[in-house]
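Below is final22.txt, holding compact mmCIF, C-alpha atoms.
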```txt
# COMPACT_ATOMS: atom_id res chain seq x y z
CA MET A 1162 117.75 -45.08 -118.13
CA THR A 1163 120.03 -46.17 -120.97
CA SER A 1164 117.30 -46.36 -123.61
CA THR A 1165 116.23 -43.46 -125.83
CA ALA A 1166 112.57 -44.35 -125.25
CA ALA A 1167 109.97 -41.58 -125.32
CA VAL A 1168 106.94 -41.44 -123.04
CA ARG A 1169 103.53 -40.25 -124.21
CA PRO A 1170 100.07 -40.28 -122.60
CA TYR A 1171 97.95 -43.31 -123.49
CA GLY A 1172 94.21 -42.80 -123.37
CA THR A 1173 92.48 -40.12 -121.35
CA ALA A 1174 93.68 -41.04 -117.85
CA THR A 1175 97.15 -41.68 -116.44
CA GLY A 1176 98.33 -44.63 -118.55
CA LYS A 1177 101.52 -44.14 -120.54
CA LEU A 1178 102.79 -45.22 -123.95
CA VAL A 1179 106.53 -45.96 -123.96
CA LEU A 1180 107.95 -45.73 -127.48
CA ALA A 1181 111.26 -47.34 -128.41
CA GLY A 1182 114.11 -45.27 -129.71
CA GLY A 1183 115.57 -46.93 -132.78
CA SER A 1184 115.89 -50.70 -132.40
CA ASP A 1185 115.83 -50.79 -128.59
CA SER A 1186 115.12 -54.00 -126.77
CA LEU A 1187 113.08 -54.01 -123.57
CA GLY A 1188 116.27 -54.94 -121.74
CA THR A 1189 117.70 -51.46 -122.30
CA LEU A 1190 115.09 -49.97 -119.96
CA ASP A 1191 116.15 -49.26 -116.37
CA PRO A 1192 113.84 -51.25 -114.06
CA ALA A 1193 113.87 -48.47 -111.44
CA TRP A 1194 112.78 -45.94 -114.07
CA VAL A 1195 110.03 -48.23 -115.39
CA THR A 1196 108.78 -48.94 -111.86
CA GLY A 1197 108.59 -45.25 -111.06
CA LEU A 1198 106.64 -44.66 -114.25
CA LEU A 1199 104.27 -47.52 -113.40
CA ALA A 1200 103.71 -46.14 -109.89
CA ASN A 1201 102.44 -42.89 -111.37
CA SER A 1202 100.57 -44.36 -114.32
CA GLY A 1203 98.93 -47.63 -113.26
CA PHE A 1204 99.65 -49.27 -116.62
CA LEU A 1205 102.27 -48.95 -119.36
CA LEU A 1206 102.17 -49.94 -123.03
CA PHE A 1207 105.57 -50.54 -124.65
CA ARG A 1208 105.62 -50.17 -128.45
CA GLY A 1209 108.28 -50.46 -131.11
CA PHE A 1210 110.73 -52.54 -129.05
CA ARG A 1211 112.36 -55.73 -130.26
CA THR A 1212 110.09 -58.37 -128.79
CA ASP A 1213 109.59 -62.11 -128.91
CA LEU A 1214 108.78 -64.68 -126.24
CA GLU A 1215 112.39 -64.80 -125.08
CA GLU A 1216 112.65 -61.00 -124.79
CA PHE A 1217 109.28 -60.85 -123.03
CA SER A 1218 110.28 -63.54 -120.53
CA SER A 1219 113.57 -61.79 -119.76
CA PHE A 1220 111.73 -58.49 -119.29
CA VAL A 1221 109.32 -60.07 -116.77
CA LYS A 1222 112.12 -61.79 -114.86
CA ALA A 1223 114.11 -58.56 -114.52
CA TYR A 1224 111.34 -57.11 -112.33
CA SER A 1225 110.18 -60.19 -110.49
CA THR A 1226 111.07 -62.30 -107.50
CA ARG A 1227 108.66 -65.03 -108.53
CA ILE A 1228 106.43 -65.94 -111.47
CA THR A 1229 102.99 -67.30 -110.72
CA LEU A 1230 100.42 -68.86 -113.04
CA ASP A 1231 96.89 -69.78 -113.98
CA PRO A 1232 96.82 -73.61 -113.64
CA ALA A 1233 94.20 -73.83 -116.39
CA ARG A 1234 96.64 -72.38 -118.96
CA SER A 1235 99.78 -73.86 -120.47
CA PHE A 1236 103.23 -72.26 -120.63
CA HIS A 1237 104.92 -71.32 -123.89
CA GLY A 1238 108.63 -70.87 -124.43
CA GLY A 1239 109.60 -71.51 -120.80
CA GLU A 1240 107.86 -70.91 -117.49
CA VAL A 1241 106.86 -67.26 -117.75
CA ALA A 1242 104.38 -66.72 -120.60
CA GLN A 1243 100.98 -68.36 -120.77
CA LYS A 1244 98.76 -68.08 -123.82
CA VAL A 1245 95.54 -66.09 -123.40
CA ASP A 1246 92.84 -68.45 -124.68
CA ALA A 1247 89.65 -67.82 -122.67
CA GLY A 1248 87.13 -68.23 -125.49
CA THR A 1249 85.97 -65.37 -127.72
CA ALA A 1250 83.37 -63.59 -125.56
CA ALA A 1251 84.08 -60.30 -123.83
CA VAL A 1252 85.80 -60.66 -120.44
CA GLY A 1253 84.71 -58.49 -117.51
CA LEU A 1254 87.04 -56.29 -115.50
CA HIS A 1255 89.07 -58.06 -112.83
CA LEU A 1256 92.38 -58.26 -111.04
CA GLU A 1257 94.46 -61.27 -112.07
CA ASN A 1258 93.72 -63.95 -109.42
CA GLY A 1259 91.96 -61.19 -107.50
CA ASN A 1260 89.32 -63.59 -106.25
CA SER A 1261 91.92 -65.69 -104.43
CA PRO A 1262 94.65 -65.09 -101.83
CA PHE A 1263 97.28 -65.44 -104.55
CA GLY A 1264 96.87 -62.25 -106.55
CA PRO A 1265 100.20 -61.15 -108.13
CA ASP A 1266 101.61 -57.64 -107.94
CA LEU A 1267 102.05 -57.30 -111.69
CA THR A 1268 100.19 -58.48 -114.77
CA TRP A 1269 101.99 -58.55 -118.12
CA PHE A 1270 100.82 -59.03 -121.72
CA PHE A 1271 102.74 -59.63 -124.94
CA CYS A 1272 100.91 -59.28 -128.25
CA GLU A 1273 102.75 -61.44 -130.75
CA LYS A 1274 100.05 -61.00 -133.39
CA ALA A 1275 97.23 -58.47 -133.10
CA ALA A 1276 93.68 -59.17 -134.23
CA SER A 1277 92.39 -57.16 -137.18
CA ALA A 1278 89.23 -56.29 -135.21
CA GLY A 1279 88.04 -56.52 -131.62
CA SER A 1280 89.81 -58.28 -128.71
CA GLN A 1281 91.22 -55.09 -127.23
CA THR A 1282 92.40 -55.50 -123.66
CA THR A 1283 90.44 -53.17 -121.40
CA VAL A 1284 91.86 -51.31 -118.41
CA CYS A 1285 90.16 -49.37 -115.63
CA ASP A 1286 92.05 -47.42 -112.95
CA GLY A 1287 90.69 -48.21 -109.48
CA HIS A 1288 91.85 -44.83 -108.18
CA ARG A 1289 89.52 -43.09 -110.63
CA VAL A 1290 86.64 -45.43 -109.76
CA TRP A 1291 86.93 -44.81 -106.03
CA ASP A 1292 87.25 -41.05 -106.49
CA ALA A 1293 84.05 -40.99 -108.59
CA SER A 1294 82.01 -43.35 -106.38
CA SER A 1295 78.95 -42.15 -104.49
CA PRO A 1296 79.12 -41.45 -100.75
CA ARG A 1297 77.01 -44.57 -100.10
CA ALA A 1298 79.32 -46.75 -102.18
CA ARG A 1299 82.30 -45.40 -100.25
CA GLU A 1300 80.54 -46.04 -96.96
CA VAL A 1301 79.64 -49.65 -97.80
CA PHE A 1302 82.83 -50.70 -99.57
CA GLY A 1303 85.02 -48.67 -97.24
CA SER A 1304 83.68 -50.38 -94.15
CA SER A 1305 82.89 -53.93 -95.30
CA PRO A 1306 85.29 -56.27 -97.13
CA ILE A 1307 83.94 -58.74 -99.67
CA THR A 1308 84.27 -62.52 -99.69
CA TYR A 1309 84.86 -64.74 -102.72
CA SER A 1310 84.00 -68.43 -102.29
CA ARG A 1311 84.29 -71.20 -104.87
CA ARG A 1312 85.23 -74.79 -105.59
CA VAL A 1313 88.45 -75.66 -107.44
CA GLU A 1314 89.01 -79.11 -108.95
CA GLU A 1315 91.89 -81.24 -107.69
CA PRO A 1316 94.13 -81.13 -110.82
CA LYS A 1317 93.99 -77.33 -110.94
CA TRP A 1318 94.81 -76.58 -107.33
CA LYS A 1319 97.54 -79.23 -107.23
CA ALA A 1320 99.16 -77.82 -110.39
CA PHE A 1321 99.09 -74.36 -108.84
CA VAL A 1322 100.66 -75.52 -105.57
CA ALA A 1323 103.35 -77.51 -107.40
CA HIS A 1324 104.33 -74.40 -109.34
CA GLN A 1325 104.37 -72.27 -106.18
CA LEU A 1326 106.73 -74.84 -104.66
CA GLU A 1327 108.96 -74.40 -107.72
CA ASP A 1328 108.26 -77.98 -108.80
CA ARG A 1329 110.00 -79.47 -105.77
CA LYS A 1330 107.06 -81.91 -105.73
CA GLU A 1331 105.13 -83.38 -108.63
CA PRO A 1332 101.44 -82.39 -108.82
CA ALA A 1333 100.44 -86.00 -108.08
CA ASP A 1334 102.39 -85.83 -104.80
CA ILE A 1335 100.85 -82.55 -103.64
CA THR A 1336 98.61 -82.86 -100.59
CA PHE A 1337 95.99 -80.68 -98.93
CA ALA A 1338 98.58 -79.96 -96.24
CA ASP A 1339 100.76 -78.36 -98.93
CA MET A 1340 97.92 -76.04 -99.86
CA GLU A 1341 97.30 -75.22 -96.20
CA ALA A 1342 100.99 -74.43 -95.76
CA LEU A 1343 100.89 -72.15 -98.81
CA VAL A 1344 98.00 -70.18 -97.32
CA GLY A 1345 99.69 -70.25 -93.91
CA ALA A 1346 98.08 -68.44 -91.03
CA ASP A 1347 96.21 -66.00 -93.26
CA PRO A 1348 93.06 -65.16 -91.27
CA HIS A 1349 91.31 -64.00 -94.44
CA THR A 1350 91.28 -67.43 -96.15
CA ARG A 1351 89.36 -70.60 -95.21
CA LEU A 1352 90.01 -73.91 -96.95
CA THR A 1353 87.95 -77.12 -97.03
CA LEU A 1354 88.91 -80.42 -98.67
CA GLU A 1355 86.05 -82.25 -100.37
CA GLU A 1356 85.63 -86.00 -100.76
CA ASP A 1357 86.49 -85.97 -104.48
CA GLY A 1358 89.77 -84.11 -103.89
CA ALA A 1359 88.50 -80.68 -104.86
CA ILE A 1360 88.85 -77.80 -102.44
CA ARG A 1361 86.50 -75.02 -101.44
CA TYR A 1362 87.91 -71.74 -100.31
CA ALA A 1363 86.55 -68.48 -98.97
CA TYR A 1364 88.76 -65.42 -99.33
CA THR A 1365 87.95 -62.06 -97.76
CA THR A 1366 89.51 -58.82 -98.98
CA GLY A 1367 88.61 -55.20 -99.58
CA ALA A 1368 86.76 -54.21 -102.73
CA ALA A 1369 88.56 -50.90 -102.16
CA HIS A 1370 92.08 -51.03 -100.76
CA SER A 1371 95.55 -49.53 -100.79
CA THR A 1372 97.88 -50.47 -103.63
CA LEU A 1373 101.38 -51.67 -104.33
CA PHE A 1374 102.79 -48.16 -104.37
CA GLY A 1375 100.76 -46.25 -101.81
CA THR A 1376 97.91 -45.86 -99.36
CA ARG A 1377 95.50 -44.07 -101.67
CA LEU A 1378 92.39 -46.26 -102.05
CA ALA A 1379 91.53 -47.98 -105.31
CA TRP A 1380 88.23 -49.73 -106.07
CA ALA A 1381 90.01 -52.65 -107.70
CA ASN A 1382 88.63 -56.18 -107.47
CA SER A 1383 87.12 -59.06 -109.43
CA ILE A 1384 83.42 -58.48 -108.73
CA PHE A 1385 82.71 -58.23 -112.48
CA GLY A 1386 85.40 -60.70 -113.48
CA PRO A 1387 85.31 -63.90 -115.55
CA SER A 1388 85.18 -67.57 -114.59
CA TYR A 1389 86.01 -69.14 -117.95
CA ASN A 1390 87.98 -72.11 -116.62
CA TYR A 1391 86.51 -72.24 -113.12
CA GLU A 1392 83.30 -72.39 -111.15
CA THR A 1393 81.76 -68.92 -110.85
CA PRO A 1394 82.56 -67.67 -107.34
CA ARG A 1395 79.91 -66.45 -104.94
CA ILE A 1396 80.75 -62.87 -104.01
CA THR A 1397 79.19 -61.35 -100.90
CA LEU A 1398 79.91 -58.82 -98.22
CA GLN A 1399 81.99 -60.19 -95.35
CA ASP A 1400 78.91 -61.01 -93.26
CA GLY A 1401 77.47 -63.12 -96.09
CA ALA A 1402 74.95 -60.52 -97.23
CA GLU A 1403 74.57 -59.93 -100.93
CA ILE A 1404 76.22 -56.85 -102.39
CA PRO A 1405 73.32 -54.36 -102.78
CA ALA A 1406 72.01 -54.48 -106.33
CA ASP A 1407 71.96 -50.71 -106.68
CA LEU A 1408 75.63 -50.48 -105.73
CA ARG A 1409 76.57 -53.21 -108.20
CA ALA A 1410 74.67 -51.29 -110.88
CA GLU A 1411 76.35 -48.01 -109.90
CA LEU A 1412 79.85 -49.46 -110.00
CA LYS A 1413 79.17 -51.35 -113.23
CA ALA A 1414 78.06 -48.14 -114.94
CA LEU A 1415 80.98 -46.22 -113.47
CA THR A 1416 83.62 -48.77 -114.47
CA ASP A 1417 82.11 -48.97 -117.96
CA GLU A 1418 82.42 -45.20 -118.23
CA LEU A 1419 86.03 -45.16 -117.02
CA THR A 1420 87.25 -48.19 -118.99
CA GLU A 1421 89.81 -47.63 -121.73
CA ASP A 1422 90.98 -49.92 -124.54
CA ILE A 1423 94.47 -51.11 -125.31
CA ASP A 1424 94.43 -51.30 -129.11
CA TRP A 1425 97.10 -53.88 -129.75
CA GLN A 1426 99.77 -53.73 -132.42
CA ASP A 1427 102.16 -56.58 -133.22
CA GLY A 1428 105.01 -56.65 -130.70
CA ASP A 1429 103.29 -54.56 -128.02
CA VAL A 1430 103.93 -55.34 -124.34
CA ALA A 1431 101.73 -54.08 -121.50
CA LEU A 1432 102.59 -53.89 -117.80
CA ILE A 1433 99.73 -53.41 -115.30
CA ASP A 1434 99.76 -52.70 -111.56
CA ASN A 1435 97.51 -55.60 -110.55
CA THR A 1436 96.68 -53.97 -107.21
CA ARG A 1437 95.27 -50.80 -108.80
CA VAL A 1438 94.17 -51.33 -112.40
CA MET A 1439 91.55 -53.88 -113.40
CA HIS A 1440 91.66 -55.38 -116.88
CA GLY A 1441 89.36 -57.32 -119.18
CA ARG A 1442 88.81 -57.84 -122.90
CA ARG A 1443 86.44 -56.82 -125.68
CA GLU A 1444 84.80 -59.58 -127.71
CA ILE A 1445 87.19 -61.33 -130.10
CA LEU A 1446 86.03 -60.69 -133.65
CA ASP A 1447 89.18 -62.02 -135.34
CA THR A 1448 90.56 -65.24 -133.84
CA ASP A 1449 93.82 -64.98 -135.79
CA ARG A 1450 95.59 -63.38 -132.83
CA THR A 1451 98.24 -64.43 -130.35
CA ILE A 1452 98.57 -62.78 -126.93
CA TYR A 1453 100.55 -64.07 -123.96
CA ASN A 1454 100.08 -63.28 -120.29
CA ALA A 1455 102.41 -63.44 -117.30
CA GLN A 1456 101.87 -62.83 -113.59
CA SER A 1457 104.58 -62.00 -111.08
CA TYR A 1458 105.60 -60.58 -107.71
CA ILE A 1459 107.77 -57.49 -107.93
CA ARG A 1460 111.27 -57.18 -106.52
CA ARG A 1461 110.78 -55.30 -103.26
CA GLU A 1462 113.77 -53.05 -103.79
CA LEU A 1463 112.03 -51.66 -106.87
CA VAL A 1464 108.99 -50.70 -104.79
CA ASP A 1465 111.17 -49.28 -102.04
CA GLY A 1466 113.04 -47.24 -104.63
CA VAL A 1467 109.91 -45.35 -105.68
CA THR A 1468 110.27 -42.20 -103.59
CA GLY A 1469 107.44 -39.75 -104.01
CA GLY A 1470 106.49 -41.17 -107.37
CA GLY A 1471 103.63 -43.45 -106.43
CA GLU A 1472 100.24 -41.84 -105.97
CA GLY A 1473 99.35 -41.79 -102.28
CA ARG A 1474 102.90 -42.27 -101.04
```
Can I see the file as structure tokens?
Amino acid sequence: MTSTAAVRPYGTATGKLVLAGGSDSLGTLDPAWVTGLLANSGFLLFRGFRTDLEEFSSFVKAYSTRITLDPARSFHGGEVAQKVDAGTAAVGLHLENGNSPFGPDLTWFFCEKAASAGSQTTVCDGHRVWDASSPRAREVFGSSPITYSRRVEEPKWKAFVAHQLEDRKEPADITFADMEALVGADPHTRLTLEEDGAIRYAYTTGAAHSTLFGTRLAWANSIFGPSYNYETPRITLQDGAEIPADLRAELKALTDELTEDIDWQDGDVALIDNTRVMHGRREILDTDRTIYNAQSYIRRELVDGVTGGGEGR
């Protein structure tokens, strides 16, 4: 680590606040050191660093093999940062793209301008949720995966596939076969092409599962997540049965209890392990705010380099 950054606890759980030393840029941080810190903490908030869209994009790229996207959002200042613009209502806890087979490893946020009130990003550590769950919740979610199913309009899925193919084909030239090839032989995903060009998919995954950095289980999913730009997915147990109402109520109360706020300041950057920590947002009370989001897949050598640091390893 070449930076003089200091690390402090953030909130009441394991999250960390990384404070710049002097006029450090994010580029002075050693990616191996940051990754080790993330493995232990679940999420990091960087404060006091020199930041703008260019710095943020370079920071994301330094840790990533590939940038992914939300096709309903537009890019700003390149092909890394997308503006967070999902209305003003509160957003429920979720993993980024967690209700699809394309969930990224990492979720990033850059607060260019903080709101004067409200709009805090919320975070909830899936390790803590699983550890505090009832025996019945552990039995049900530990033995039965959940299935998300929904319809996605043609322009959105084609824009997503085009980006995944690194724009080697224009969205208008993307075919259903391209989407099938992207999913590959994944036995957990079923695709159907509809007459109007939309697709329907069903994706099965664990509500509780291992994480990027270890085998310790995290209750981390998108059961309570938003559908601002998309059809609300149907979420069931793998056999098609509804998730028991009492378990939904238990986990909703538990995640509410364990949720923490990221109180943004201008220039803050957050990095979240998208396989362990769910995030959401409080209601926006001041719309004069600018926050960008990025999603990416981590360089595997960074994960491999975490020796004994990740919980559950």
Taken to one decimal, the CA of Lys1274 (chain A)-CA of Asp1286 (chain A) distance is 25.8 Å
Measuring atom to atom with only C-alpha atoms, identify which of A:Trp1425, A:Ala1293, A:Thr1365, A:His1440 is nearest to Pro1387 (chain A).
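Looking only at the distances to Pro1387 (chain A), the closest residue turns out to be A:His1440.
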Find the residue from A:Tyr1224, A:Tyr1309, A:Phe1271, A:Trp1380 that sits nearest to Ala1193 (chain A); use all atoms listed in the file when measuring.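 Closest to Ala1193 (chain A), using all atoms listed in the file: A:Tyr1224.
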**Item:** Exercise: Tyr1362 (chain A) partners within 9 Å, only C-alpha atoms, chain neighbours under 2 positions left out, as a VMD selection string
**Value:** chain A and resid 1261 1309 to 1313 1350 to 1354 1360 1364
Separating CA of Ile1459 (chain A) from CA of Thr1229 (chain A), to the nearest tenth of an Å, is a gap of 11.3 Å
| message | Calculated over all atoms listed in the file, which of the candidates A:Asp1191, A:Asp1266, A:Glu1315, A:Glu1216 has the smallest distance to Arg1437 (chain A)? | response |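 Selected residue with least distance to Arg1437 (chain A): A:Asp1266.
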(request) Find the residue from A:Thr1212, A:Thr1226, A:Ser1184, A:Thr1366 that sits nearest to Arg1461 (chain A); use only C-alpha atoms when measuring. (result)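 Between A:Thr1212, A:Thr1226, A:Ser1184, A:Thr1366, the residue approaching Arg1461 (chain A) most closely is A:Thr1226.
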Students should find that CA of Asp1449 (chain A) and CA of Ala1242 (chain A) are spaced 18.6 Å
